[in-house]
Amino acid sequence: MLKIYNTLTGKKEPFEPIAPKTVRMYVCGVTVYDYCHIGHARSALVFDVLRRYLEYSGYAVTFVKNFTDVDDKIIKRAHEQGVSCDAVTAKYIQAYHEDMGKLGIRTATEEPKATEHIADIIQLTERLVAKGLAYVVAGDVYFEVSKYPEYGRLSKRRLEDLQAGARVEVDERKHHAMDFALWKSSKPGEPTWESPWGPGRPGWHIECSAMSMKHLGETFDIHGGGMDLIFPHHENEIAQSCGVTGKEFARYWIHNGFVQINKEKMSKSLGNFFTIREIFEKSEWPENVTGEILRYFLLSTHYHGPLDFSDQALREAKNALNGFYDLFQRLDEPEEKATADNELRVMIEKCRLAFKTAMADDLNTPVAIAAFQALKGDVNRLLAHGLSTAARKVAREEFRSLGSTLGLFQLNKWKLGSTGMLSRAASKDTERQFGPSIGMLNQAANKPQSEQNVGFLNQPAEKDIVAHNAQPTIEDQALTDVEIERMLEERNNARRRKDFSRADVIRQSLAAHGIIIEDKPDGTTRWKR
RNA sequence: GGCGCCGUACCCAAGUGGUAAGGGAGCAGUCUGCAAAACUGCGAUGCAGCGGUUCGAACCCGCUCGGCGCCUCCA
C-alpha cells in the first residue's frame, strides 16, 4: 500500500483512491512561452513516475496535465517576436513534447489547453459570482478570498499573515489584497473572448479548476505540481473549487522540490537555468544515453527534497549507469553452465520486494535504485559461478521490467560513443573535449572540483565547442563494427604470439576512436563504444 | 515582518526513537601479458554546534550557527 506525503495534511498518508482500482490525477503543466528547463523536467518526471508506479500497482490511471496557453508572458513574448500568441504556444508545446519525449516522459491521458476550455472557465466563474464568492469590477472578475474561511489551509498561512502589498502595489478596486482575478478584461492586441462581463481572458488559477473538474470531476484523487505552486496557485484553486462545489477538491496534494544550481533555486531572474534541449545539445553522449543519465540523476534524490544540478552530478549518474549496462552486455552473452541458476530466483525476489517497499514509501526512488544496485552485485557474483543463457535472459528482463517504472534500463545498446563528433583541432582542453572516453582510460583523471563543473556551467566556452563539433574531420570518422572486429582479431592474433606491444598499439588505436575493450578469460574480447 | 525547509563520510544520498542503506571517487587485494570489468576488503565510534527528554536520539524538544525557499509570475 502506497504511503504518500500530502501537503494538505502535512503528513505521510496511506493512499486510498475514491473509486477502487482507479486513480484520477491532475498535474499543473507549464506556461508555454519558452523552452522548458531542467526544473520542469524534474516535475514532469516525478509525476510520470508516480503515474507509472500507480499503473504498476494495478490502478487504472487517468492523468491530466494542462498547458497554460493564455497568459501575460505569452502575450509579451508574442509582441516581442512580432508573431501571434498561437504561434508562440504552438511552438513551445511542440518543444515540450520533444524535450520530455527525450527524457522518456509519457504523454498524459489528457493534455488540455486553457484556450480550449474558455466556455468551462466562464461557466465556473459565473457560478462563483452567483454564489457571491466573486465580484465584478469594470469587466474584471475577482475571487473574494475572505469569503472562503479556510483560505490558507494548503500553504499553512493565515490571511492576516500575508503581508498585503509587500512587493506589489495593491489594486485599489480589490476588496482584499489577496483577491485574485478570475477574468481579466482584455486590452487591445490581446487574445480575447466574449463573456458576460465583456471581452476578456481568463486568469491563471481558474483554468486549472475548470479543466480538472471537466476531465476528472469535482473531486478527484491527486493534484500535483512544483513546490512553488503551493502558494498562491494551488491555494487559489482550492478556494475556488471548494467554494463553488462545497466538496473537497483533490484529496492528495503532492509537490516536488526544486532543481538548484549551487544551492540556489534555478530561475530565469538569476540566469542560472539550463534548458532541457541545451543539455542535450551540450552533452558528450548520444541522445538516448543522455536521456537515461538525466533520468537516473533526477531520480537519485527523493522527489520532495532539493536537487543540485551540476556537471559532476551527471557524470556520477553516468558512471553508475555504466555498471548496469556493462552487466547487461555480459548477460547478452551465451553460456551453458547453469551452476547458479537457482540462486538467481532468490536474488530477484529480494530485489522485487525491496523495490516495492521503497516505492510504496512515498516514492522513495533513491532506495529503489539501491535495490537495483544490490541486484547488480548479486547477479555479477552469480555470473562468476555460471548462469545459463536462459537465466541471463531472465535477469536482464527483470531489470527491464522493474526498471520500466522508473523508465530505466530500457536501452538495448549503451553507447557512450565518441563517434568522432569531437574535433581534436578545435580543443585546447583534451580532457573536456574527449570527455568520458579519455576519462575512463585515464583513471588518473582526478581533477580539483573547481574544474569539474566547467562543462555545463561555463556556457560561453562550451557553446564554442559545440559549434566546432558540428564539423567533424575525416580522421574522426567512427569505425564500423566490421572494422573493429577486424582490428580485434588482429590484436588477438598478436596476443597469441605474445606480441603484446602490437596488441597494445591496436588497443590504443581503438581507444582513440572511443572503443573500450575488455579481454575475456576465454581469449576473446568484448568491446563497447 | 510573517510562514516554512535544509545542514549525514572527499562528493551525491537513504534513514525520522533501537544503535549509520546505496552510489560516485579513492586506496589495497584477487583475476589479467598488461589493461579493463567484476569481485573482496578499507573508509563517518558518528549524523552543523550546545543543552534537554529517554533505558536508548542522526531521528523528539529548546537554543545557537550556517545555507535556502515562499509571502509577486514561477515546476
# chains A, B, ... in the order shown; residues from 1 in each chain; ligands from 1
$ residues_around --residues "Ile517 in chain A" --least-positions-apart "6" --cutoff "10 Å" --atoms "only C-alpha atoms (C1' of nucleotides)" --output "MDAnalysis selection string"
(chainID A and resid 488 507:508 510:511 525:529) or (chainID B and resid 35:37)
$ residues_around --residues "A38 in chain B" --least-positions-apart "6" --cutoff "10 Å" --atoms "only C-alpha atoms (C1' of nucleotides)" --output "ChimeraX atom specification"
/A:323,326-327,377,380-381,383-384 /B:31
$ residues_around --residues "Val30 in chain A" --least-positions-apart "4" --cutoff "9 Å" --atoms "only C-alpha atoms (C1' of nucleotides)" --output "list in words"
Cys36, His40, Lys65, Asn66, Phe67, Thr68, Asp69 and Tyr96 of chain A; A75 of chain B
$ write_last_selection --atoms "all heavy atoms" --output "CSV table (one decimal), in the first residue's frame"
chain,number,residue,atom,x,y,z
A,36,CYS,N,11.5,24.5,-21.9
A,36,CYS,CA,11.5,24.0,-20.5
A,36,CYS,C,12.9,23.8,-20.0
A,36,CYS,O,13.8,23.5,-20.8
A,36,CYS,CB,10.8,22.7,-20.5
A,36,CYS,SG,9.0,22.8,-20.7
A,40,HIS,N,11.6,22.0,-14.8
A,40,HIS,CA,10.3,21.5,-15.4
A,40,HIS,C,10.4,20.0,-15.7
A,40,HIS,O,9.5,19.2,-15.5
A,40,HIS,CB,10.0,22.2,-16.7
A,40,HIS,CG,9.8,23.7,-16.6
A,40,HIS,ND1,10.7,24.6,-17.2
A,40,HIS,CD2,8.9,24.4,-16.0
A,40,HIS,CE1,10.3,25.8,-16.9
A,40,HIS,NE2,9.2,25.7,-16.2
A,65,LYS,N,-2.8,16.6,-17.6
A,65,LYS,CA,-1.7,17.6,-17.4
A,65,LYS,C,-2.0,18.7,-18.4
A,65,LYS,O,-2.0,18.5,-19.6
A,65,LYS,CB,-0.3,17.0,-17.7
A,65,LYS,CG,0.8,18.0,-17.5
A,65,LYS,CD,2.1,17.2,-17.3
A,65,LYS,CE,2.6,16.5,-18.6
A,65,LYS,NZ,3.8,15.8,-18.4
A,66,ASN,N,-2.1,19.9,-17.9
A,66,ASN,CA,-2.6,21.0,-18.7
A,66,ASN,C,-1.4,21.8,-19.4
A,66,ASN,O,-0.3,21.7,-18.9
A,66,ASN,CB,-3.4,22.0,-17.9
A,66,ASN,CG,-2.6,22.8,-17.0
A,66,ASN,OD1,-1.9,22.3,-16.1
A,66,ASN,ND2,-2.5,24.1,-17.2
A,67,PHE,N,-1.8,22.6,-20.4
A,67,PHE,CA,-0.9,23.6,-20.9
A,67,PHE,C,-1.6,25.0,-20.7
A,67,PHE,O,-2.7,25.1,-21.1
A,67,PHE,CB,-0.6,23.5,-22.4
A,67,PHE,CG,0.3,22.3,-22.8
A,67,PHE,CD1,-0.2,21.2,-23.4
A,67,PHE,CD2,1.6,22.4,-22.4
A,67,PHE,CE1,0.7,20.2,-23.8
A,67,PHE,CE2,2.5,21.4,-22.8
A,67,PHE,CZ,2.0,20.3,-23.4
A,68,THR,N,-0.9,25.9,-20.0
A,68,THR,CA,-1.4,27.2,-19.9
A,68,THR,C,-1.0,28.0,-21.1
A,68,THR,O,0.2,28.3,-21.3
A,68,THR,CB,-0.8,27.9,-18.6
A,68,THR,OG1,-1.3,27.2,-17.5
A,68,THR,CG2,-1.3,29.4,-18.5
A,69,ASP,N,-2.0,28.2,-22.0
A,69,ASP,CA,-1.6,28.9,-23.3
A,69,ASP,C,-2.3,30.2,-23.5
A,69,ASP,O,-2.4,30.7,-24.6
A,69,ASP,CB,-1.9,27.9,-24.4
A,69,ASP,CG,-3.4,27.6,-24.5
A,69,ASP,OD1,-4.1,27.8,-23.6
A,69,ASP,OD2,-3.9,27.1,-25.6
A,96,TYR,N,7.9,21.2,-25.9
A,96,TYR,CA,7.7,20.4,-24.7
A,96,TYR,C,7.7,18.9,-25.0
A,96,TYR,O,8.3,18.2,-24.3
A,96,TYR,CB,6.4,20.9,-24.1
A,96,TYR,CG,6.1,20.2,-22.7
A,96,TYR,CD1,6.4,20.8,-21.5
A,96,TYR,CD2,5.4,19.0,-22.7
A,96,TYR,CE1,6.2,20.2,-20.3
A,96,TYR,CE2,5.1,18.4,-21.5
A,96,TYR,CZ,5.5,19.0,-20.3
A,96,TYR,OH,5.2,18.4,-19.1
B,75,A,P,6.4,27.3,-14.4
B,75,A,OP1,7.3,27.9,-15.3
B,75,A,OP2,4.9,27.4,-14.6
B,75,A,O5',6.8,25.8,-14.3
B,75,A,C5',5.9,24.7,-14.4
B,75,A,C4',6.1,23.7,-13.2
B,75,A,O4',7.5,23.3,-13.3
B,75,A,C3',5.9,24.4,-11.9
B,75,A,O3',4.6,24.4,-11.5
B,75,A,C2',6.8,23.5,-11.0
B,75,A,O2',6.2,22.3,-10.6
B,75,A,C1',7.9,23.1,-12.0
B,75,A,N9,9.2,23.9,-11.7
B,75,A,C8,9.4,25.2,-12.1
B,75,A,N7,10.6,25.6,-11.8
B,75,A,C5,11.2,24.5,-11.1
B,75,A,C6,12.4,24.3,-10.5
B,75,A,N6,13.4,25.2,-10.5
B,75,A,N1,12.7,23.1,-10.0
B,75,A,C2,11.7,22.2,-10.0
B,75,A,N3,10.5,22.3,-10.6
B,75,A,C4,10.3,23.5,-11.1
$ closest_atom_pairs --of "chain B" --to "chain A" --cutoff "10 Å" --atoms "only C-alpha atoms (C1' of nucleotides)" --output "JSON lines"
{"residue": "B:G1", "atom": "C1'", "partner": "A:Gln163", "partner_atom": "CA", "distance": 8.1}
{"residue": "B:G2", "atom": "C1'", "partner": "A:Asp161", "partner_atom": "CA", "distance": 5.2}
{"residue": "B:C3", "atom": "C1'", "partner": "A:Arg157", "partner_atom": "CA", "distance": 6.2}
{"residue": "B:G4", "atom": "C1'", "partner": "A:Lys156", "partner_atom": "CA", "distance": 8.9}
{"residue": "B:C5", "atom": "C1'", "partner": "A:Gly305", "partner_atom": "CA", "distance": 8.9}
{"residue": "B:C6", "atom": "C1'", "partner": "A:Gly305", "partner_atom": "CA", "distance": 8.8}
{"residue": "B:C11", "atom": "C1'", "partner": "A:Gln312", "partner_atom": "CA", "distance": 8.8}
{"residue": "B:C12", "atom": "C1'", "partner": "A:Ala313", "partner_atom": "CA", "distance": 7.0}
{"residue": "B:A13", "atom": "C1'", "partner": "A:Thr301", "partner_atom": "CA", "distance": 6.7}
{"residue": "B:A14", "atom": "C1'", "partner": "A:Val367", "partner_atom": "CA", "distance": 6.2}
{"residue": "B:G15", "atom": "C1'", "partner": "A:Val367", "partner_atom": "CA", "distance": 10.0}
{"residue": "B:A21", "atom": "C1'", "partner": "A:Ala370", "partner_atom": "CA", "distance": 7.6}
{"residue": "B:G22", "atom": "C1'", "partner": "A:Ala370", "partner_atom": "CA", "distance": 4.7}
{"residue": "B:G23", "atom": "C1'", "partner": "A:Ala320", "partner_atom": "CA", "distance": 6.6}
{"residue": "B:G24", "atom": "C1'", "partner": "A:Glu316", "partner_atom": "CA", "distance": 5.1}
{"residue": "B:A25", "atom": "C1'", "partner": "A:Asn446", "partner_atom": "CA", "distance": 8.2}
{"residue": "B:G26", "atom": "C1'", "partner": "A:Asn446", "partner_atom": "CA", "distance": 9.5}
{"residue": "B:C31", "atom": "C1'", "partner": "A:Pro521", "partner_atom": "CA", "distance": 9.2}
{"residue": "B:U32", "atom": "C1'", "partner": "A:Pro521", "partner_atom": "CA", "distance": 8.3}
{"residue": "B:G33", "atom": "C1'", "partner": "A:Phe500", "partner_atom": "CA", "distance": 7.0}
{"residue": "B:C34", "atom": "C1'", "partner": "A:Phe500", "partner_atom": "CA", "distance": 8.2}
{"residue": "B:A35", "atom": "C1'", "partner": "A:Glu518", "partner_atom": "CA", "distance": 8.1}
{"residue": "B:A36", "atom": "C1'", "partner": "A:Glu518", "partner_atom": "CA", "distance": 5.1}
{"residue": "B:A37", "atom": "C1'", "partner": "A:Glu518", "partner_atom": "CA", "distance": 6.8}
{"residue": "B:A38", "atom": "C1'", "partner": "A:Asn380", "partner_atom": "CA", "distance": 6.8}
{"residue": "B:C39", "atom": "C1'", "partner": "A:Arg381", "partner_atom": "CA", "distance": 6.9}
{"residue": "B:G67", "atom": "C1'", "partner": "A:Lys263", "partner_atom": "CA", "distance": 7.9}
{"residue": "B:C68", "atom": "C1'", "partner": "A:Glu264", "partner_atom": "CA", "distance": 6.8}
{"residue": "B:G69", "atom": "C1'", "partner": "A:Lys265", "partner_atom": "CA", "distance": 8.0}
{"residue": "B:C70", "atom": "C1'", "partner": "A:Asp228", "partner_atom": "CA", "distance": 7.4}
{"residue": "B:C71", "atom": "C1'", "partner": "A:Leu162", "partner_atom": "CA", "distance": 6.0}
{"residue": "B:U72", "atom": "C1'", "partner": "A:Val168", "partner_atom": "CA", "distance": 6.3}
{"residue": "B:C73", "atom": "C1'", "partner": "A:Lys73", "partner_atom": "CA", "distance": 8.6}
{"residue": "B:C74", "atom": "C1'", "partner": "A:Asp228", "partner_atom": "CA", "distance": 6.7}
{"residue": "B:A75", "atom": "C1'", "partner": "A:Gly226", "partner_atom": "CA", "distance": 4.3}
$ closest_residue --among "A:Thr109, A:Ser269, A:Ser401, A:Gln123" --to "Thr62 in chain A" --atoms "only C-alpha atoms"
A:Thr109
$ select_by_dssp --residues "range 244-356 of chain A" --states "strand (DSSP E)" --output "ChimeraX atom specification"
/A:250-256,259-261,264-265,307-308
$ residues_around --residues "Thr290 in chain A" --least-positions-apart "2" --cutoff "12 Å" --atoms "only C-alpha atoms (C1' of nucleotides)" --output "VMD selection string"
chain A and resid 99 102 to 104 276 to 288 292 to 297 314 to 315 317 to 318 321 408 411 414 to 417
$ write_last_selection --atoms "N, CA, C and O atoms" --output "tab-separated table (two decimals), in the first residue's frame"
chain	number	residue	atom	x	y	z
A	99	ASP	N	11.16	17.65	-25.96
A	99	ASP	CA	12.11	17.59	-24.85
A	99	ASP	C	11.74	16.50	-23.85
A	99	ASP	O	12.58	15.71	-23.43
A	102	LYS	N	12.39	13.01	-25.09
A	102	LYS	CA	13.77	12.55	-24.98
A	102	LYS	C	14.07	12.02	-23.58
A	102	LYS	O	15.00	11.23	-23.40
A	103	LEU	N	13.32	12.50	-22.62
A	103	LEU	CA	13.51	12.01	-21.25
A	103	LEU	C	12.64	10.80	-20.96
A	103	LEU	O	12.59	10.31	-19.84
A	104	GLY	N	11.93	10.35	-21.97
A	104	GLY	CA	11.10	9.16	-21.79
A	104	GLY	C	9.85	9.43	-20.98
A	104	GLY	O	9.26	8.52	-20.40
A	276	ILE	N	16.30	22.02	-21.20
A	276	ILE	CA	16.50	20.60	-21.48
A	276	ILE	C	17.24	20.42	-22.81
A	276	ILE	O	18.19	19.66	-22.90
A	277	ARG	N	16.81	21.20	-23.79
A	277	ARG	CA	17.46	20.99	-25.10
A	277	ARG	C	18.91	21.44	-25.10
A	277	ARG	O	19.75	20.87	-25.79
A	278	GLU	N	19.19	22.45	-24.29
A	278	GLU	CA	20.57	22.90	-24.15
A	278	GLU	C	21.45	21.78	-23.57
A	278	GLU	O	22.57	21.54	-24.02
A	279	ILE	N	20.91	21.07	-22.61
A	279	ILE	CA	21.66	19.99	-22.00
A	279	ILE	C	21.91	18.88	-23.02
A	279	ILE	O	23.02	18.35	-23.12
A	280	PHE	N	20.90	18.57	-23.80
A	280	PHE	CA	21.08	17.54	-24.81
A	280	PHE	C	22.09	17.99	-25.87
A	280	PHE	O	22.91	17.20	-26.32
A	281	GLU	N	22.03	19.27	-26.21
A	281	GLU	CA	22.96	19.77	-27.23
A	281	GLU	C	24.40	19.72	-26.75
A	281	GLU	O	25.31	19.40	-27.49
A	282	LYS	N	24.61	20.05	-25.48
A	282	LYS	CA	25.96	20.11	-24.97
A	282	LYS	C	26.50	18.76	-24.54
A	282	LYS	O	27.68	18.61	-24.29
A	283	SER	N	25.60	17.82	-24.40
A	283	SER	CA	26.00	16.53	-23.87
A	283	SER	C	27.06	15.86	-24.73
A	283	SER	O	27.02	15.94	-25.96
A	284	GLU	N	28.00	15.21	-24.07
A	284	GLU	CA	29.05	14.47	-24.78
A	284	GLU	C	28.52	13.12	-25.24
A	284	GLU	O	29.18	12.43	-25.99
A	285	TRP	N	27.35	12.74	-24.74
A	285	TRP	CA	26.85	11.41	-25.01
A	285	TRP	C	25.67	11.44	-25.98
A	285	TRP	O	25.00	12.46	-26.12
A	286	PRO	N	25.41	10.32	-26.62
A	286	PRO	CA	24.28	10.24	-27.55
A	286	PRO	C	22.96	10.54	-26.84
A	286	PRO	O	22.86	10.42	-25.63
A	287	GLU	N	21.99	10.89	-27.62
A	287	GLU	CA	20.74	11.37	-27.06
A	287	GLU	C	20.04	10.40	-26.12
A	287	GLU	O	19.62	10.77	-25.02
A	288	ASN	N	19.94	9.13	-26.54
A	288	ASN	CA	19.19	8.21	-25.68
A	288	ASN	C	19.95	7.93	-24.37
A	288	ASN	O	19.36	7.75	-23.32
A	292	GLU	N	18.75	8.88	-20.42
A	292	GLU	CA	18.71	7.98	-19.28
A	292	GLU	C	19.58	8.50	-18.13
A	292	GLU	O	19.22	8.36	-16.96
A	293	ILE	N	20.69	9.11	-18.46
A	293	ILE	CA	21.54	9.70	-17.43
A	293	ILE	C	20.76	10.77	-16.65
A	293	ILE	O	20.78	10.81	-15.42
A	294	LEU	N	20.07	11.59	-17.39
A	294	LEU	CA	19.28	12.65	-16.77
A	294	LEU	C	18.20	12.07	-15.87
A	294	LEU	O	17.94	12.54	-14.77
A	295	ARG	N	17.58	11.04	-16.37
A	295	ARG	CA	16.52	10.39	-15.61
A	295	ARG	C	17.08	9.78	-14.33
A	295	ARG	O	16.53	9.94	-13.24
A	296	TYR	N	18.18	9.10	-14.46
A	296	TYR	CA	18.82	8.48	-13.28
A	296	TYR	C	19.19	9.56	-12.28
A	296	TYR	O	18.94	9.43	-11.08
A	297	PHE	N	19.78	10.62	-12.79
A	297	PHE	CA	20.18	11.73	-11.93
A	297	PHE	C	18.98	12.32	-11.19
A	297	PHE	O	19.00	12.51	-9.97
A	314	LEU	N	25.96	14.73	-13.09
A	314	LEU	CA	25.62	13.98	-14.30
A	314	LEU	C	26.65	12.89	-14.58
A	314	LEU	O	26.31	11.77	-14.97
A	315	ARG	N	27.90	13.21	-14.35
A	315	ARG	CA	28.95	12.22	-14.56
A	315	ARG	C	28.82	11.05	-13.59
A	315	ARG	O	29.03	9.89	-13.96
A	317	ALA	N	26.07	10.00	-12.30
A	317	ALA	CA	24.94	9.21	-12.76
A	317	ALA	C	25.37	8.33	-13.93
A	317	ALA	O	25.04	7.15	-14.01
A	318	LYS	N	26.16	8.90	-14.82
A	318	LYS	CA	26.64	8.15	-15.98
A	318	LYS	C	27.50	6.97	-15.53
A	318	LYS	O	27.33	5.85	-16.01
A	321	LEU	N	25.39	4.21	-14.05
A	321	LEU	CA	24.66	3.52	-15.11
A	321	LEU	C	25.58	2.60	-15.93
A	321	LEU	O	25.17	1.54	-16.39
A	408	LEU	N	14.02	3.27	-16.44
A	408	LEU	CA	15.45	2.97	-16.56
A	408	LEU	C	15.66	1.60	-17.19
A	408	LEU	O	14.76	0.76	-17.19
A	411	LEU	N	17.27	0.66	-22.62
A	411	LEU	CA	18.05	0.73	-23.85
A	411	LEU	C	18.64	-0.62	-24.21
A	411	LEU	O	19.05	-1.38	-23.34
A	414	TRP	N	24.01	0.58	-24.97
A	414	TRP	CA	24.51	1.70	-24.19
A	414	TRP	C	25.81	2.13	-24.82
A	414	TRP	O	26.87	1.57	-24.57
A	415	LYS	N	25.70	3.14	-25.70
A	415	LYS	CA	26.90	3.60	-26.37
A	415	LYS	C	27.27	4.96	-25.84
A	415	LYS	O	26.51	5.91	-26.01
A	416	LEU	N	28.43	5.06	-25.22
A	416	LEU	CA	28.87	6.37	-24.78
A	416	LEU	C	29.43	7.15	-25.95
A	416	LEU	O	29.51	8.36	-25.95
A	417	GLY	N	29.80	6.38	-26.94
A	417	GLY	CA	30.12	6.82	-28.24
A	417	GLY	C	30.93	8.07	-28.41
A	417	GLY	O	30.39	9.13	-28.59
$ closest_residue --among "A:Lys187, A:His205, A:Lys21, A:Arg396" --to "His233 in chain A" --atoms "only C-alpha atoms"
A:His205
$ residues_around --residues "G29 in chain B" --least-positions-apart "4" --cutoff "12 Å" --atoms "only C-alpha atoms (C1' of nucleotides)" --output "mmCIF file with all heavy atoms, in the first residue's frame"
data_model
loop_
_atom_site.group_PDB
_atom_site.id
_atom_site.type_symbol
_atom_site.label_atom_id
_atom_site.label_comp_id
_atom_site.auth_asym_id
_atom_site.auth_seq_id
_atom_site.Cartn_x
_atom_site.Cartn_y
_atom_site.Cartn_z
ATOM 1 P P C B 39 30.741 -6.318 -8.753
ATOM 2 O OP1 C B 39 29.305 -6.383 -8.414
ATOM 3 O OP2 C B 39 31.473 -5.038 -8.685
ATOM 4 O "O5'" C B 39 31.537 -7.370 -7.857
ATOM 5 C "C5'" C B 39 31.113 -8.730 -7.816
ATOM 6 C "C4'" C B 39 32.187 -9.549 -7.155
ATOM 7 O "O4'" C B 39 33.408 -9.487 -7.941
ATOM 8 C "C3'" C B 39 32.630 -9.054 -5.774
ATOM 9 O "O3'" C B 39 31.753 -9.497 -4.758
ATOM 10 C "C2'" C B 39 34.015 -9.668 -5.660
ATOM 11 O "O2'" C B 39 33.942 -11.050 -5.352
ATOM 12 C "C1'" C B 39 34.534 -9.493 -7.085
ATOM 13 N N1 C B 39 35.269 -8.231 -7.276
ATOM 14 C C2 C B 39 36.618 -8.162 -6.872
ATOM 15 O O2 C B 39 37.139 -9.165 -6.370
ATOM 16 N N3 C B 39 37.305 -7.009 -7.034
ATOM 17 C C4 C B 39 36.706 -5.952 -7.573
ATOM 18 N N4 C B 39 37.422 -4.839 -7.723
ATOM 19 C C5 C B 39 35.337 -5.988 -7.995
ATOM 20 C C6 C B 39 34.661 -7.129 -7.823
ATOM 21 P P U B 40 31.559 -8.602 -3.491
ATOM 22 O OP1 U B 40 30.477 -9.246 -2.706
ATOM 23 O OP2 U B 40 31.462 -7.186 -3.878
ATOM 24 O "O5'" U B 40 32.932 -8.806 -2.710
ATOM 25 C "C5'" U B 40 33.292 -10.075 -2.190
ATOM 26 C "C4'" U B 40 34.637 -9.969 -1.519
ATOM 27 O "O4'" U B 40 35.657 -9.710 -2.515
ATOM 28 C "C3'" U B 40 34.783 -8.811 -0.539
ATOM 29 O "O3'" U B 40 34.204 -9.094 0.718
ATOM 30 C "C2'" U B 40 36.294 -8.669 -0.477
ATOM 31 O "O2'" U B 40 36.874 -9.674 0.321
ATOM 32 C "C1'" U B 40 36.672 -8.894 -1.934
ATOM 33 N N1 U B 40 36.752 -7.621 -2.680
ATOM 34 C C2 U B 40 37.905 -6.879 -2.553
ATOM 35 O O2 U B 40 38.837 -7.233 -1.848
ATOM 36 N N3 U B 40 37.942 -5.710 -3.258
ATOM 37 C C4 U B 40 36.939 -5.214 -4.071
ATOM 38 O O4 U B 40 37.106 -4.149 -4.649
ATOM 39 C C5 U B 40 35.765 -6.039 -4.149
ATOM 40 C C6 U B 40 35.712 -7.182 -3.468
ATOM 41 P P G B 41 33.598 -7.904 1.582
ATOM 42 O OP1 G B 41 32.930 -8.524 2.744
ATOM 43 O OP2 G B 41 32.869 -6.986 0.691
ATOM 44 O "O5'" G B 41 34.911 -7.164 2.081
ATOM 45 C "C5'" G B 41 35.831 -7.848 2.915
ATOM 46 C "C4'" G B 41 37.086 -7.029 3.038
ATOM 47 O "O4'" G B 41 37.687 -6.832 1.732
ATOM 48 C "C3'" G B 41 36.893 -5.607 3.541
ATOM 49 O "O3'" G B 41 36.734 -5.560 4.946
ATOM 50 C "C2'" G B 41 38.199 -4.962 3.103
ATOM 51 O "O2'" G B 41 39.272 -5.336 3.940
ATOM 52 C "C1'" G B 41 38.397 -5.601 1.726
ATOM 53 N N9 G B 41 37.880 -4.752 0.653
ATOM 54 C C8 G B 41 36.726 -4.902 -0.083
ATOM 55 N N7 G B 41 36.561 -3.947 -0.981
ATOM 56 C C5 G B 41 37.667 -3.114 -0.809
ATOM 57 C C6 G B 41 38.050 -1.930 -1.478
ATOM 58 O O6 G B 41 37.453 -1.350 -2.395
ATOM 59 N N1 G B 41 39.237 -1.408 -0.987
ATOM 60 C C2 G B 41 39.967 -1.970 0.033
ATOM 61 N N2 G B 41 41.093 -1.324 0.378
ATOM 62 N N3 G B 41 39.641 -3.080 0.663
ATOM 63 C C4 G B 41 38.487 -3.596 0.198
ATOM 64 P P C B 42 35.956 -4.339 5.584
ATOM 65 O OP1 C B 42 35.865 -4.603 7.036
ATOM 66 O OP2 C B 42 34.744 -4.046 4.793
ATOM 67 O "O5'" C B 42 36.993 -3.148 5.356
ATOM 68 C "C5'" C B 42 38.299 -3.204 5.912
ATOM 69 C "C4'" C B 42 39.038 -1.938 5.596
ATOM 70 O "O4'" C B 42 39.276 -1.833 4.171
ATOM 71 C "C3'" C B 42 38.267 -0.661 5.910
ATOM 72 O "O3'" C B 42 38.367 -0.349 7.286
ATOM 73 C "C2'" C B 42 38.982 0.357 5.031
ATOM 74 O "O2'" C B 42 40.184 0.804 5.594
ATOM 75 C "C1'" C B 42 39.282 -0.470 3.780
ATOM 76 N N1 C B 42 38.290 -0.278 2.707
ATOM 77 C C2 C B 42 38.432 0.830 1.851
ATOM 78 O O2 C B 42 39.384 1.603 2.037
ATOM 79 N N3 C B 42 37.536 1.026 0.858
ATOM 80 C C4 C B 42 36.530 0.159 0.697
ATOM 81 N N4 C B 42 35.677 0.386 -0.303
ATOM 82 C C5 C B 42 36.353 -0.968 1.562
ATOM 83 C C6 C B 42 37.252 -1.149 2.547
#
$ select_by_dssp --residues "range 63-216 of chain A" --states "helix (DSSP H, G or I)" --output "MDAnalysis selection string"
chainID A and resid 72:81 85:102 114:130 145:147 159:161 204:216
$ residues_around --residues "G49 in chain B" --least-positions-apart "3" --cutoff "12 Å" --atoms "only C-alpha atoms (C1' of nucleotides)" --output "count of residues only"
5
